[in-house]
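As stored in entry11.pdb (PDB, C-alpha atoms):
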```pdb
ATOM      1  CA  MET A   1     -27.685  55.706  14.485
ATOM      2  CA  LYS A   2     -27.209  59.398  15.262
ATOM      3  CA  THR A   3     -23.788  60.288  13.815
ATOM      4  CA  LEU A   4     -21.719  63.471  13.676
ATOM      5  CA  VAL A   5     -19.179  63.931  10.851
ATOM      6  CA  VAL A   6     -16.664  66.624  11.786
ATOM      7  CA  GLY A   7     -15.192  68.239   8.702
ATOM      8  CA  GLY A   8     -18.280  66.978   6.910
ATOM      9  CA  THR A   9     -18.345  69.881   4.461
ATOM     10  CA  GLY A  10     -14.883  69.059   3.095
ATOM     11  CA  PHE A  11     -13.667  66.794   0.304
ATOM     12  CA  ALA A  12     -13.267  63.464   2.127
ATOM     13  CA  GLY A  13     -15.596  64.273   5.011
ATOM     14  CA  GLY A  14     -18.417  65.331   2.710
ATOM     15  CA  HIS A  15     -18.255  62.100   0.762
ATOM     16  CA  ALA A  16     -18.170  60.111   4.008
ATOM     17  CA  ALA A  17     -21.177  61.990   5.397
ATOM     18  CA  LEU A  18     -23.294  61.234   2.337
ATOM     19  CA  TYR A  19     -22.119  57.621   2.208
ATOM     20  CA  LEU A  20     -23.028  57.054   5.857
ATOM     21  CA  ARG A  21     -26.421  58.645   5.231
ATOM     22  CA  ASP A  22     -26.976  56.262   2.324
ATOM     23  CA  GLN A  23     -26.138  53.338   4.629
ATOM     24  CA  GLY A  24     -28.944  54.354   6.978
ATOM     25  CA  TYR A  25     -27.093  56.529   9.474
ATOM     26  CA  ASP A  26     -28.747  59.683  10.814
ATOM     27  CA  VAL A  27     -25.955  62.085   9.833
ATOM     28  CA  THR A  28     -25.258  65.631  10.985
ATOM     29  CA  VAL A  29     -22.240  67.530   9.646
ATOM     30  CA  MET A  30     -20.091  69.869  11.711
ATOM     31  CA  SER A  31     -17.769  72.493  10.293
ATOM     32  CA  ARG A  32     -16.852  76.133  10.701
ATOM     33  CA  SER A  33     -19.194  77.091   7.855
ATOM     34  CA  ARG A  34     -22.097  75.583   5.964
ATOM     35  CA  PRO A  35     -21.567  73.443   2.840
ATOM     36  CA  LYS A  36     -20.722  75.318  -0.343
ATOM     37  CA  GLY A  37     -22.005  74.469  -3.797
ATOM     38  CA  THR A  38     -25.089  72.514  -4.704
ATOM     39  CA  SER A  39     -24.231  69.063  -3.355
ATOM     40  CA  ALA A  40     -26.596  66.921  -1.276
ATOM     41  CA  LEU A  41     -24.604  67.989   1.797
ATOM     42  CA  ASN A  42     -26.900  70.993   1.899
ATOM     43  CA  ASP A  43     -29.750  68.616   2.768
ATOM     44  CA  LEU A  44     -28.053  67.287   5.926
ATOM     45  CA  PRO A  45     -28.472  68.824   9.380
ATOM     46  CA  PHE A  46     -25.619  71.224  10.164
ATOM     47  CA  VAL A  47     -23.925  72.208  13.435
ATOM     48  CA  GLN A  48     -21.381  75.009  13.458
ATOM     49  CA  GLY A  49     -18.159  74.052  15.196
ATOM     50  CA  ASP A  50     -14.471  74.940  15.100
ATOM     51  CA  TYR A  51     -12.459  72.122  16.636
ATOM     52  CA  VAL A  52      -9.450  74.445  17.087
ATOM     53  CA  ASN A  53     -11.019  77.348  18.944
ATOM     54  CA  ASP A  54     -14.443  76.354  20.284
ATOM     55  CA  ASP A  55     -15.297  75.194  23.785
ATOM     56  CA  PHE A  56     -17.614  72.237  23.285
ATOM     57  CA  SER A  57     -18.872  72.097  26.864
ATOM     58  CA  ASP A  58     -22.080  73.824  25.641
ATOM     59  CA  GLY A  59     -23.746  70.534  24.694
ATOM     60  CA  ARG A  60     -23.216  70.583  20.927
ATOM     61  CA  LEU A  61     -21.646  67.133  21.056
ATOM     62  CA  GLU A  62     -24.252  65.490  23.248
ATOM     63  CA  GLY A  63     -26.793  62.988  21.982
ATOM     64  CA  TYR A  64     -24.660  61.429  19.243
ATOM     65  CA  GLU A  65     -23.941  57.695  19.167
ATOM     66  CA  ARG A  66     -21.115  57.813  16.594
ATOM     67  CA  LEU A  67     -18.555  60.385  15.424
ATOM     68  CA  VAL A  68     -16.224  60.492  12.417
ATOM     69  CA  PHE A  69     -13.477  63.129  12.365
ATOM     70  CA  CYS A  70     -12.314  64.207   8.879
ATOM     71  CA  ALA A  71     -10.782  67.583   9.715
ATOM     72  CA  GLY A  72      -7.180  68.571  10.545
ATOM     73  CA  VAL A  73      -4.922  70.937   8.602
ATOM     74  CA  ASP A  74      -2.252  70.598   5.935
ATOM     75  CA  VAL A  75      -0.373  73.007   3.683
ATOM     76  CA  LYS A  76      -3.614  74.271   2.068
ATOM     77  CA  TYR A  77      -4.411  76.091   5.312
ATOM     78  CA  PHE A  78      -0.939  77.370   6.171
ATOM     79  CA  PRO A  79      -0.687  81.191   6.328
ATOM     80  CA  TRP A  80       2.273  82.369   4.274
ATOM     81  CA  ASP A  81       2.382  85.856   5.836
ATOM     82  CA  GLY A  82       5.185  85.018   8.266
ATOM     83  CA  SER A  83       2.871  85.151  11.288
ATOM     84  CA  ILE A  84       3.665  81.586  12.385
ATOM     85  CA  THR A  85       6.214  78.882  11.642
ATOM     86  CA  PRO A  86       5.184  75.522  10.157
ATOM     87  CA  GLN A  87       6.266  73.850  13.413
ATOM     88  CA  GLU A  88       4.037  76.133  15.504
ATOM     89  CA  PHE A  89       1.129  75.923  13.062
ATOM     90  CA  TYR A  90       0.923  72.153  12.746
ATOM     91  CA  HIS A  91       1.657  71.539  16.414
ATOM     92  CA  SER A  92      -1.096  73.901  17.542
ATOM     93  CA  LEU A  93      -3.799  72.900  15.047
ATOM     94  CA  ASN A  94      -3.093  69.163  14.802
ATOM     95  CA  SER A  95      -0.971  67.880  17.703
ATOM     96  CA  VAL A  96      -2.790  69.925  20.358
ATOM     97  CA  ALA A  97      -6.231  70.867  19.007
ATOM     98  CA  ILE A  98      -7.329  67.482  17.639
ATOM     99  CA  PRO A  99      -6.717  65.478  20.855
ATOM    100  CA  ARG A 100      -8.301  68.305  22.865
ATOM    101  CA  PHE A 101     -11.415  68.002  20.712
ATOM    102  CA  PHE A 102     -11.497  64.229  21.218
ATOM    103  CA  GLU A 103     -11.362  64.813  24.968
ATOM    104  CA  SER A 104     -14.570  66.823  24.537
ATOM    105  CA  VAL A 105     -16.035  63.985  22.456
ATOM    106  CA  ARG A 106     -15.238  61.507  25.227
ATOM    107  CA  ALA A 107     -16.690  63.827  27.863
ATOM    108  CA  ALA A 108     -19.902  64.112  25.815
ATOM    109  CA  GLY A 109     -20.359  60.343  26.069
ATOM    110  CA  ILE A 110     -20.059  59.421  22.382
ATOM    111  CA  PRO A 111     -19.077  55.738  22.599
ATOM    112  CA  ARG A 112     -17.605  55.025  19.123
ATOM    113  CA  THR A 113     -15.423  57.330  17.052
ATOM    114  CA  VAL A 114     -13.121  57.128  14.030
ATOM    115  CA  TYR A 115     -10.334  59.530  13.109
ATOM    116  CA  LEU A 116      -9.314  59.949   9.452
ATOM    117  CA  GLY A 117      -5.560  60.429   9.642
ATOM    118  CA  SER A 118      -2.550  60.335   7.363
ATOM    119  CA  PHE A 119      -0.524  57.375   6.122
ATOM    120  CA  TYR A 120       2.856  59.099   6.420
ATOM    121  CA  PRO A 121       3.657  58.201  10.043
ATOM    122  CA  GLN A 122       3.160  54.509   9.257
ATOM    123  CA  VAL A 123       4.785  54.255   5.823
ATOM    124  CA  ALA A 124       7.551  56.859   6.261
ATOM    125  CA  PRO A 125       8.198  56.905  10.041
ATOM    126  CA  GLU A 126      11.582  58.560   9.559
ATOM    127  CA  ARG A 127       9.701  61.699   8.478
ATOM    128  CA  ILE A 128       8.148  62.089  11.935
ATOM    129  CA  ALA A 129      11.392  63.655  13.159
ATOM    130  CA  GLU A 130      12.015  65.555   9.917
ATOM    131  CA  ASP A 131       8.700  67.107   8.862
ATOM    132  CA  PRO A 132       6.412  69.158  11.147
ATOM    133  CA  TYR A 133       3.238  68.127   9.312
ATOM    134  CA  VAL A 134       3.998  64.415   9.535
ATOM    135  CA  ARG A 135       5.005  64.826  13.183
ATOM    136  CA  SER A 136       1.735  66.604  13.990
ATOM    137  CA  ARG A 137      -0.334  63.854  12.366
ATOM    138  CA  HIS A 138       1.616  61.226  14.293
ATOM    139  CA  GLU A 139       1.206  63.037  17.600
ATOM    140  CA  ALA A 140      -2.526  63.606  17.071
ATOM    141  CA  ASP A 141      -3.134  59.981  16.130
ATOM    142  CA  GLU A 142      -1.135  58.611  19.060
ATOM    143  CA  ALA A 143      -2.862  60.903  21.567
ATOM    144  CA  ILE A 144      -6.346  60.094  20.279
ATOM    145  CA  ARG A 145      -5.884  56.339  20.324
ATOM    146  CA  ALA A 146      -4.382  56.525  23.816
ATOM    147  CA  MET A 147      -7.835  57.654  25.022
ATOM    148  CA  SER A 148      -9.254  54.220  24.188
ATOM    149  CA  SER A 149     -11.230  52.568  26.967
ATOM    150  CA  PRO A 150     -14.162  50.139  27.308
ATOM    151  CA  ALA A 151     -16.481  53.138  27.292
ATOM    152  CA  PHE A 152     -14.735  55.007  24.440
ATOM    153  CA  ASN A 153     -13.951  53.020  21.288
ATOM    154  CA  VAL A 154     -11.632  55.136  19.168
ATOM    155  CA  CYS A 155      -9.547  54.032  16.194
ATOM    156  CA  SER A 156      -8.002  55.667  13.149
ATOM    157  CA  CYS A 157      -7.981  55.077   9.393
ATOM    158  CA  ASN A 158      -4.752  56.460   7.951
ATOM    159  CA  ALA A 159      -5.211  57.215   4.274
ATOM    160  CA  PRO A 160      -2.936  58.109   1.333
ATOM    161  CA  TYR A 161      -3.731  60.581  -1.474
ATOM    162  CA  ILE A 162      -7.504  60.626  -1.983
ATOM    163  CA  LEU A 163      -9.235  60.966  -5.343
ATOM    164  CA  GLY A 164     -12.926  61.275  -6.152
ATOM    165  CA  TYR A 165     -15.889  63.576  -6.538
ATOM    166  CA  THR A 166     -19.250  64.452  -5.065
ATOM    167  CA  PRO A 167     -21.810  65.918  -7.484
ATOM    168  CA  GLY A 168     -22.231  69.631  -6.849
ATOM    169  CA  PHE A 169     -19.001  69.873  -4.814
ATOM    170  CA  ALA A 170     -16.043  71.759  -6.331
ATOM    171  CA  VAL A 171     -12.417  70.661  -5.887
ATOM    172  CA  ASP A 172     -10.147  73.238  -7.504
ATOM    173  CA  HIS A 173      -7.075  71.002  -7.562
ATOM    174  CA  LEU A 174      -8.840  68.262  -9.506
ATOM    175  CA  THR A 175     -10.457  70.737 -11.907
ATOM    176  CA  THR A 176      -6.965  72.036 -12.622
ATOM    177  CA  MET A 177      -5.748  68.457 -13.034
ATOM    178  CA  ALA A 178      -8.404  67.787 -15.686
ATOM    179  CA  THR A 179      -7.423  70.978 -17.502
ATOM    180  CA  TYR A 180      -3.741  69.982 -17.363
ATOM    181  CA  ALA A 181      -4.430  66.477 -18.708
ATOM    182  CA  SER A 182      -6.336  68.021 -21.615
ATOM    183  CA  GLY A 183      -3.295  70.124 -22.493
ATOM    184  CA  ARG A 184      -5.260  73.301 -21.825
ATOM    185  CA  LEU A 185      -3.429  74.650 -18.754
ATOM    186  CA  GLU A 186      -1.764  77.654 -20.295
ATOM    187  CA  GLY A 187       1.994  77.870 -19.773
ATOM    188  CA  ALA A 188       2.212  74.627 -17.779
ATOM    189  CA  PRO A 189       5.081  72.319 -18.807
ATOM    190  CA  ILE A 190       4.072  68.718 -19.484
ATOM    191  CA  PHE A 191       6.121  66.217 -17.442
ATOM    192  CA  ALA A 192       5.955  64.035 -14.346
ATOM    193  CA  PRO A 193       7.918  64.377 -11.113
ATOM    194  CA  PRO A 194      10.040  61.451  -9.928
ATOM    195  CA  GLY A 195       8.813  59.114  -7.220
ATOM    196  CA  GLY A 196       5.237  58.185  -6.497
ATOM    197  CA  THR A 197       2.755  57.221  -3.831
ATOM    198  CA  ASN A 198      -0.323  55.209  -2.938
ATOM    199  CA  HIS A 199      -3.735  56.538  -3.979
ATOM    200  CA  MET A 200      -7.257  55.719  -2.844
ATOM    201  CA  THR A 201     -10.762  56.733  -3.903
ATOM    202  CA  CYS A 202     -13.192  58.696  -1.741
ATOM    203  CA  GLN A 203     -15.588  55.774  -2.055
ATOM    204  CA  SER A 204     -13.053  53.329  -0.619
ATOM    205  CA  VAL A 205     -12.154  55.751   2.178
ATOM    206  CA  SER A 206     -15.827  56.109   3.088
ATOM    207  CA  GLU A 207     -16.244  52.334   3.093
ATOM    208  CA  ALA A 208     -13.204  51.973   5.371
ATOM    209  CA  LEU A 209     -14.548  54.608   7.756
ATOM    210  CA  LEU A 210     -17.861  52.758   7.951
ATOM    211  CA  GLY A 211     -16.045  49.485   8.616
ATOM    212  CA  ALA A 212     -13.994  51.106  11.356
ATOM    213  CA  LEU A 213     -17.064  52.726  12.857
ATOM    214  CA  GLU A 214     -18.890  49.402  13.036
ATOM    215  CA  ARG A 215     -16.086  46.866  13.611
ATOM    216  CA  GLY A 216     -12.889  48.766  14.428
ATOM    217  CA  GLU A 217     -10.747  47.643  17.351
ATOM    218  CA  SER A 218     -10.452  50.379  19.945
ATOM    219  CA  GLY A 219      -6.976  51.894  20.058
ATOM    220  CA  LYS A 220      -6.030  50.544  16.623
ATOM    221  CA  GLY A 221      -4.456  52.555  13.804
ATOM    222  CA  TYR A 222      -5.480  51.070  10.439
ATOM    223  CA  LEU A 223      -3.311  51.718   7.381
ATOM    224  CA  ILE A 224      -5.626  51.893   4.366
ATOM    225  CA  GLY A 225      -4.858  52.316   0.663
ATOM    226  CA  ASP A 226      -5.374  51.073  -2.867
ATOM    227  CA  ALA A 227      -3.024  51.592  -5.837
ATOM    228  CA  ASN A 228       0.730  52.194  -5.781
ATOM    229  CA  LEU A 229       1.604  54.407  -8.739
ATOM    230  CA  THR A 230       4.644  56.371  -9.776
ATOM    231  CA  TRP A 231       3.790  59.978 -10.527
ATOM    232  CA  LYS A 232       4.506  59.169 -14.177
ATOM    233  CA  GLU A 233       1.913  56.369 -14.117
ATOM    234  CA  TYR A 234      -0.606  58.519 -12.253
ATOM    235  CA  PHE A 235      -0.358  61.476 -14.639
ATOM    236  CA  GLU A 236      -0.397  59.245 -17.710
ATOM    237  CA  LEU A 237      -3.701  57.731 -16.540
ATOM    238  CA  TRP A 238      -5.163  61.247 -16.400
ATOM    239  CA  PHE A 239      -3.828  62.106 -19.869
ATOM    240  CA  ALA A 240      -5.229  58.848 -21.263
ATOM    241  CA  ALA A 241      -8.631  59.610 -19.699
ATOM    242  CA  ALA A 242      -8.526  62.990 -21.425
ATOM    243  CA  GLY A 243      -7.944  61.348 -24.816
ATOM    244  CA  ASN A 244      -4.483  62.930 -24.822
ATOM    245  CA  PRO A 245      -2.124  59.968 -24.205
ATOM    246  CA  GLN A 246       1.443  60.837 -23.284
ATOM    247  CA  ASP A 247       4.744  59.129 -22.566
ATOM    248  CA  LEU A 248       5.752  61.657 -19.935
ATOM    249  CA  GLU A 249       9.312  62.688 -19.279
ATOM    250  CA  VAL A 250      10.285  62.458 -15.599
ATOM    251  CA  ARG A 251      11.974  65.637 -14.364
ATOM    252  CA  GLU A 252      13.022  66.927 -10.957
ATOM    253  CA  ASP A 253      11.731  70.449 -11.670
ATOM    254  CA  GLU A 254       8.945  71.930  -9.543
ATOM    255  CA  HIS A 255       5.716  70.493 -10.931
ATOM    256  CA  PRO A 256       2.719  72.796 -11.644
ATOM    257  CA  ILE A 257       0.193  70.326 -10.158
ATOM    258  CA  ILE A 258       2.096  68.412  -7.443
ATOM    259  CA  PRO A 259       4.498  70.903  -5.814
ATOM    260  CA  GLN A 260       7.373  69.602  -3.751
ATOM    261  CA  MET A 261       5.981  71.182  -0.586
ATOM    262  CA  ILE A 262       3.208  68.558  -0.432
ATOM    263  CA  MET A 263       5.572  65.618  -0.894
ATOM    264  CA  TYR A 264       5.694  64.986   2.829
ATOM    265  CA  ALA A 265       7.505  61.654   2.430
ATOM    266  CA  GLY A 266      10.349  63.569   0.825
ATOM    267  CA  VAL A 267      11.021  64.918  -2.657
ATOM    268  CA  ASN A 268      11.468  62.056  -5.175
ATOM    269  CA  ALA A 269      10.246  59.478  -2.629
ATOM    270  CA  LEU A 270       8.402  56.395  -3.880
ATOM    271  CA  THR A 271       5.934  55.638  -1.087
ATOM    272  CA  SER A 272       4.550  52.197  -1.919
ATOM    273  CA  TYR A 273       2.916  49.737   0.473
ATOM    274  CA  GLU A 274       0.285  47.044   0.775
ATOM    275  CA  PRO A 275      -2.269  47.539   3.565
ATOM    276  CA  PRO A 276      -2.569  44.436   5.755
ATOM    277  CA  ALA A 277      -4.950  41.995   4.098
ATOM    278  CA  ASP A 278      -6.736  41.078   7.331
ATOM    279  CA  GLU A 279      -7.406  44.737   8.117
ATOM    280  CA  THR A 280      -8.645  45.400   4.579
ATOM    281  CA  ALA A 281     -11.054  42.487   4.953
ATOM    282  CA  LEU A 282     -12.223  43.700   8.359
ATOM    283  CA  LEU A 283     -12.924  47.223   7.121
ATOM    284  CA  ALA A 284     -14.419  45.835   3.875
ATOM    285  CA  TYR A 285     -13.367  48.530   1.420
ATOM    286  CA  GLN A 286     -12.792  48.182  -2.314
ATOM    287  CA  ARG A 287      -9.380  48.026  -3.920
ATOM    288  CA  GLY A 288      -8.398  47.982  -7.578
ATOM    289  CA  VAL A 289     -10.764  50.804  -8.496
ATOM    290  CA  LEU A 290      -8.344  53.726  -8.818
ATOM    291  CA  PRO A 291      -7.850  53.728 -12.638
ATOM    292  CA  ALA A 292     -11.591  53.704 -13.298
ATOM    293  CA  MET A 293     -12.047  56.569 -10.833
ATOM    294  CA  ILE A 294      -9.466  58.669 -12.670
ATOM    295  CA  THR A 295     -11.603  58.391 -15.803
ATOM    296  CA  GLU A 296     -14.734  59.281 -13.811
ATOM    297  CA  CYS A 297     -12.949  62.234 -12.224
ATOM    298  CA  PHE A 298     -11.717  63.542 -15.546
ATOM    299  CA  ASN A 299     -15.235  63.383 -16.967
ATOM    300  CA  TYR A 300     -16.699  65.095 -13.906
ATOM    301  CA  TYR A 301     -14.115  67.833 -13.371
ATOM    302  CA  SER A 302     -13.807  68.629 -17.090
ATOM    303  CA  GLY A 303     -17.571  68.904 -17.393
ATOM    304  CA  GLN A 304     -17.900  66.075 -19.896
TER     305      GLN A 304
END
```

Could you quickly redo this structure as structure tokens?
Amino acid sequence: MKTLVVGGTGFAGGHAALYLRDQGYDVTVMSRSRPKGTSALNDLPFVQGDYVNDDFSDGRLEGYERLVFCAGVDVKYFPWDGSITPQEFYHSLNSVAIPRFFESVRAAGIPRTVYLGSFYPQVAPERIAEDPYVRSRHEADEAIRAMSSPAFNVCSCNAPYILGYTPGFAVDHLTTMATYASGRLEGAPIFAPPGGTNHMTCQSVSEALLGALERGESGKGYLIGDANLTWKEYFELWFAAAGNPQDLEVREDEHPIIPQMIMYAGVNALTSYEPPADETALLAYQRGVLPAMITECFNYYSGQ
């Protein structure tokens, strides 16, 4: 099955691309630039494409039978030079650009597509009116799924915080996390922020995307997830994996690893939920694997 993974050189998209390849899909990755590092992503066919700025009427999208979209922007991409407001940035690059790209996908005749979105609009709907990032994810998801038709099966998998690794692929945040859990991040205070959230492994996300690609109901937004953890519980699992167990103090100070600006559900919020059991069964992804993955991630990102 000839499949295009957009954002396939990124953290979640790269894992999904390799997982789909391993399941027998004929995978091509699309991104603005070629894969970095030494991962197996370098062995996959590559198509250059910028979903924000490119005109895809040139045929780049033609000939594919499936498409998975794992792009979109968050605070990592926001320019802090004062050139644009958060409202303008997220509206332009998520609310407007993502549905426009899916219109090109539909015009190219790709019959089945899956969008990897965010859990916030479903688990913290009050934040749609309050936070420009959450609003942009909501607007993109709604607009994409509204394109559903008998000829264009499109659904979304809306994921929480994602944790995992791909050999040969660097993730600076998780390398820093491993250093912090080892007590080797110079000058960083050791504590946990209040609140917490749901977490999910890259493997489970990739499994859910495959399930949605093969069995997803057109027009449906699937809430996916695994483990509900307070930030104290989450950080203590990392410290335990590092052989540096801690009973962490909970403080409202700005945290060196999880800054308040990425707490889109609100500072101190505890964003816990259970994904619908029937949808979890339909998508056929693993749950209950988050603690073991934290140990695997510590070993990988610390070089052990």

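Using only C-alpha atoms, the smallest distance between any of A:Thr179, A:Gln260, A:Thr201, A:Thr230 and Asn299 (chain A) comes from A:Thr179.
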
Interface rows for region 52-130 of chain A against region 10-29 of chain A: nearest pair, Å to one decimal, 9 Å, only C-alpha atoms, as a Markdown table:
```
| residue | atom | partner | partner_atom | distance |
| --- | --- | --- | --- | --- |
| A:Val68 | CA | A:Gly13 | CA | 8.3 |
| A:Phe69 | CA | A:Gly13 | CA | 7.7 |
| A:Cys70 | CA | A:Gly13 | CA | 5.1 |
| A:Ala71 | CA | A:Gly13 | CA | 7.5 |
| A:Leu116 | CA | A:Gly13 | CA | 8.8 |
```

Take the residues just selected and output them with C-alpha atoms as a PDB file, in the frame of the given file.
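Final output, out_26.pdb:
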```
ATOM      1  CA  VAL A  68     -16.224  60.492  12.417  1.00  0.00           C
ATOM      2  CA  PHE A  69     -13.477  63.129  12.365  1.00  0.00           C
ATOM      3  CA  CYS A  70     -12.314  64.207   8.879  1.00  0.00           C
ATOM      4  CA  ALA A  71     -10.782  67.583   9.715  1.00  0.00           C
ATOM      5  CA  LEU A 116      -9.314  59.949   9.452  1.00  0.00           C
TER       6      LEU A 116
END
```

Give me the residues within 9 Å of Arg66 (chain A) as JSON, numbers by chain, counting all atoms listed in the file and dropping any in the same chain fewer than 5 places off. {"A": [1, 2, 3, 4, 5, 110, 111, 112, 113, 114, 213]}

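Each of A:Leu93, A:Leu290, A:Ala241, A:Val134 was checked against Met177 (chain A) using all atoms listed in the file; the smallest atom-to-atom distance is that of A:Ala241.
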
Evaluate the PyMOL selection byres ((chain A and resi 30) around 9) and record the selected residues as a VMD selection string, following the chain and residue labels used in the document. chain A and resid 4 to 9 28 to 29 31 to 34 45 to 50

Take the residues from that selection and write them out as an mmCIF file, in the coordinates of the input, keeping C-alpha atoms.
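The resulting file, result-v9.cif, is shown below:
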```cif
data_model
loop_
_atom_site.group_PDB
_atom_site.id
_atom_site.type_symbol
_atom_site.label_atom_id
_atom_site.label_comp_id
_atom_site.auth_asym_id
_atom_site.auth_seq_id
_atom_site.Cartn_x
_atom_site.Cartn_y
_atom_site.Cartn_z
ATOM 1 C CA LEU A 4 -21.719 63.471 13.676
ATOM 2 C CA VAL A 5 -19.179 63.931 10.851
ATOM 3 C CA VAL A 6 -16.664 66.624 11.786
ATOM 4 C CA GLY A 7 -15.192 68.239 8.702
ATOM 5 C CA GLY A 8 -18.280 66.978 6.910
ATOM 6 C CA THR A 9 -18.345 69.881 4.461
ATOM 7 C CA THR A 28 -25.258 65.631 10.985
ATOM 8 C CA VAL A 29 -22.240 67.530 9.646
ATOM 9 C CA SER A 31 -17.769 72.493 10.293
ATOM 10 C CA ARG A 32 -16.852 76.133 10.701
ATOM 11 C CA SER A 33 -19.194 77.091 7.855
ATOM 12 C CA ARG A 34 -22.097 75.583 5.964
ATOM 13 C CA PRO A 45 -28.472 68.824 9.380
ATOM 14 C CA PHE A 46 -25.619 71.224 10.164
ATOM 15 C CA VAL A 47 -23.925 72.208 13.435
ATOM 16 C CA GLN A 48 -21.381 75.009 13.458
ATOM 17 C CA GLY A 49 -18.159 74.052 15.196
ATOM 18 C CA ASP A 50 -14.471 74.940 15.100
#
```

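Rounded to one decimal, CA of Glu233 (chain A) and CA of Leu174 (chain A) lie 16.7 Å from each other.
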
Neighbouring residues of Asp131 (chain A) were defined as those with any atom within 9 Å, considering all atoms listed in the file; residues of the same chain fewer than 6 positions away were excluded. Please report them as a list of chain:residue names. A:Gln87, A:Tyr264, A:Ala265, A:Gly266

Taking all atoms listed in the file into account, which of A:Arg106, A:His91, A:Arg251, A:Arg184 comes nearest Glu139 (chain A)? A:His91

Reference answer for the PyMOL selection byres ((chain A and resi 238) around 8), as a list in words: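 The output of the PyMOL selection byres ((chain A and resi 238) around 8) on this file is Met177, Ala178, Ala181, Tyr234, Phe235, Glu236, Leu237, Phe239, Ala240, Ala241, Ala242, Ile294, Thr295 and Phe298 of chain A.
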
Using the chain letters and numbers from this file, what does the PyMOL selection byres ((chain A and resi 98) around 8) select? Give the answer as a list in words.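 Here the PyMOL selection byres ((chain A and resi 98) around 8) matches Tyr51, Val52, Gly72, Leu93, Asn94, Ser95, Val96, Ala97, Pro99, Arg100, Phe101, Phe102, Ala140 and Ile144 of chain A.
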
Find the spatial neighbours of region 205-211 of chain A, counting all atoms listed in the file, within a cut-off of 6 Å - ignore same-chain residues fewer than 2 positions away - and output them as number ranges by chain. A: 16, 202-203, 213-215, 283, 285

Which distance in Å separates CA of Pro189 (chain A) and CA of Glu252 (chain A), to one decimal? 12.4 Å

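Excluding Pro259 (chain A) and any residue on its chain fewer than 6 positions from it, the residues at most 10 Å away by all atoms listed in the file are Pro193, Asp253 and Val267 of chain A.
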
CA of Gly196 (chain A) and CA of Glu254 (chain A), how far apart in Å?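 CA of Gly196 (chain A) lies at a distance of 14.6 Å from CA of Glu254 (chain A).
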
Could you tell me which of A:Pro35, A:Pro86, A:Gly187, A:Gly225 comes closest to Gln286 (chain A) if we count all atoms listed in the file? A:Gly225

Residue nearest Cys297 (chain A) among A:Ser218, A:Thr166, A:Asn228, A:Ser149 (counting only C-alpha atoms): A:Thr166

Please provide as a PDB file with C-alpha atoms, keeping the file's coordinate frame all residues within 12 Å of Val123 (chain A), with the sequence filter that same-chain residues fewer than 3 positions apart are discarded (counting all atoms listed in the file).
```pdb
ATOM      1  CA  SER A 118      -2.550  60.335   7.363  1.00  0.00           C
ATOM      2  CA  PHE A 119      -0.524  57.375   6.122  1.00  0.00           C
ATOM      3  CA  TYR A 120       2.856  59.099   6.420  1.00  0.00           C
ATOM      4  CA  GLU A 126      11.582  58.560   9.559  1.00  0.00           C
ATOM      5  CA  ARG A 127       9.701  61.699   8.478  1.00  0.00           C
ATOM      6  CA  ILE A 128       8.148  62.089  11.935  1.00  0.00           C
ATOM      7  CA  VAL A 134       3.998  64.415   9.535  1.00  0.00           C
ATOM      8  CA  HIS A 138       1.616  61.226  14.293  1.00  0.00           C
ATOM      9  CA  ASN A 158      -4.752  56.460   7.951  1.00  0.00           C
ATOM     10  CA  ALA A 159      -5.211  57.215   4.274  1.00  0.00           C
ATOM     11  CA  PRO A 160      -2.936  58.109   1.333  1.00  0.00           C
ATOM     12  CA  THR A 197       2.755  57.221  -3.831  1.00  0.00           C
ATOM     13  CA  ASN A 198      -0.323  55.209  -2.938  1.00  0.00           C
ATOM     14  CA  TYR A 222      -5.480  51.070  10.439  1.00  0.00           C
ATOM     15  CA  LEU A 223      -3.311  51.718   7.381  1.00  0.00           C
ATOM     16  CA  ILE A 224      -5.626  51.893   4.366  1.00  0.00           C
ATOM     17  CA  GLY A 225      -4.858  52.316   0.663  1.00  0.00           C
ATOM     18  CA  TYR A 264       5.694  64.986   2.829  1.00  0.00           C
ATOM     19  CA  ALA A 265       7.505  61.654   2.430  1.00  0.00           C
ATOM     20  CA  GLY A 266      10.349  63.569   0.825  1.00  0.00           C
ATOM     21  CA  ALA A 269      10.246  59.478  -2.629  1.00  0.00           C
ATOM     22  CA  LEU A 270       8.402  56.395  -3.880  1.00  0.00           C
ATOM     23  CA  THR A 271       5.934  55.638  -1.087  1.00  0.00           C
ATOM     24  CA  SER A 272       4.550  52.197  -1.919  1.00  0.00           C
ATOM     25  CA  TYR A 273       2.916  49.737   0.473  1.00  0.00           C
ATOM     26  CA  GLU A 274       0.285  47.044   0.775  1.00  0.00           C
ATOM     27  CA  PRO A 275      -2.269  47.539   3.565  1.00  0.00           C
TER      28      PRO A 275
END
```

Please check which residues have atoms at most 7 Å from (0.6, 72.3, 4.2) in the file's coordinates, counting only C-alpha atoms, and write them as a list in words.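 Protein, DNA and RNA residues close to (0.6, 72.3, 4.2): Asp74, Val75, Lys76, Tyr77, Phe78 and Ile262 of chain A.
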
Shortest interatomic distance to Arg60 (chain A) - which of A:Ile190, A:Cys155, A:Val105, A:Leu44, counting all atoms listed in the file: A:Val105
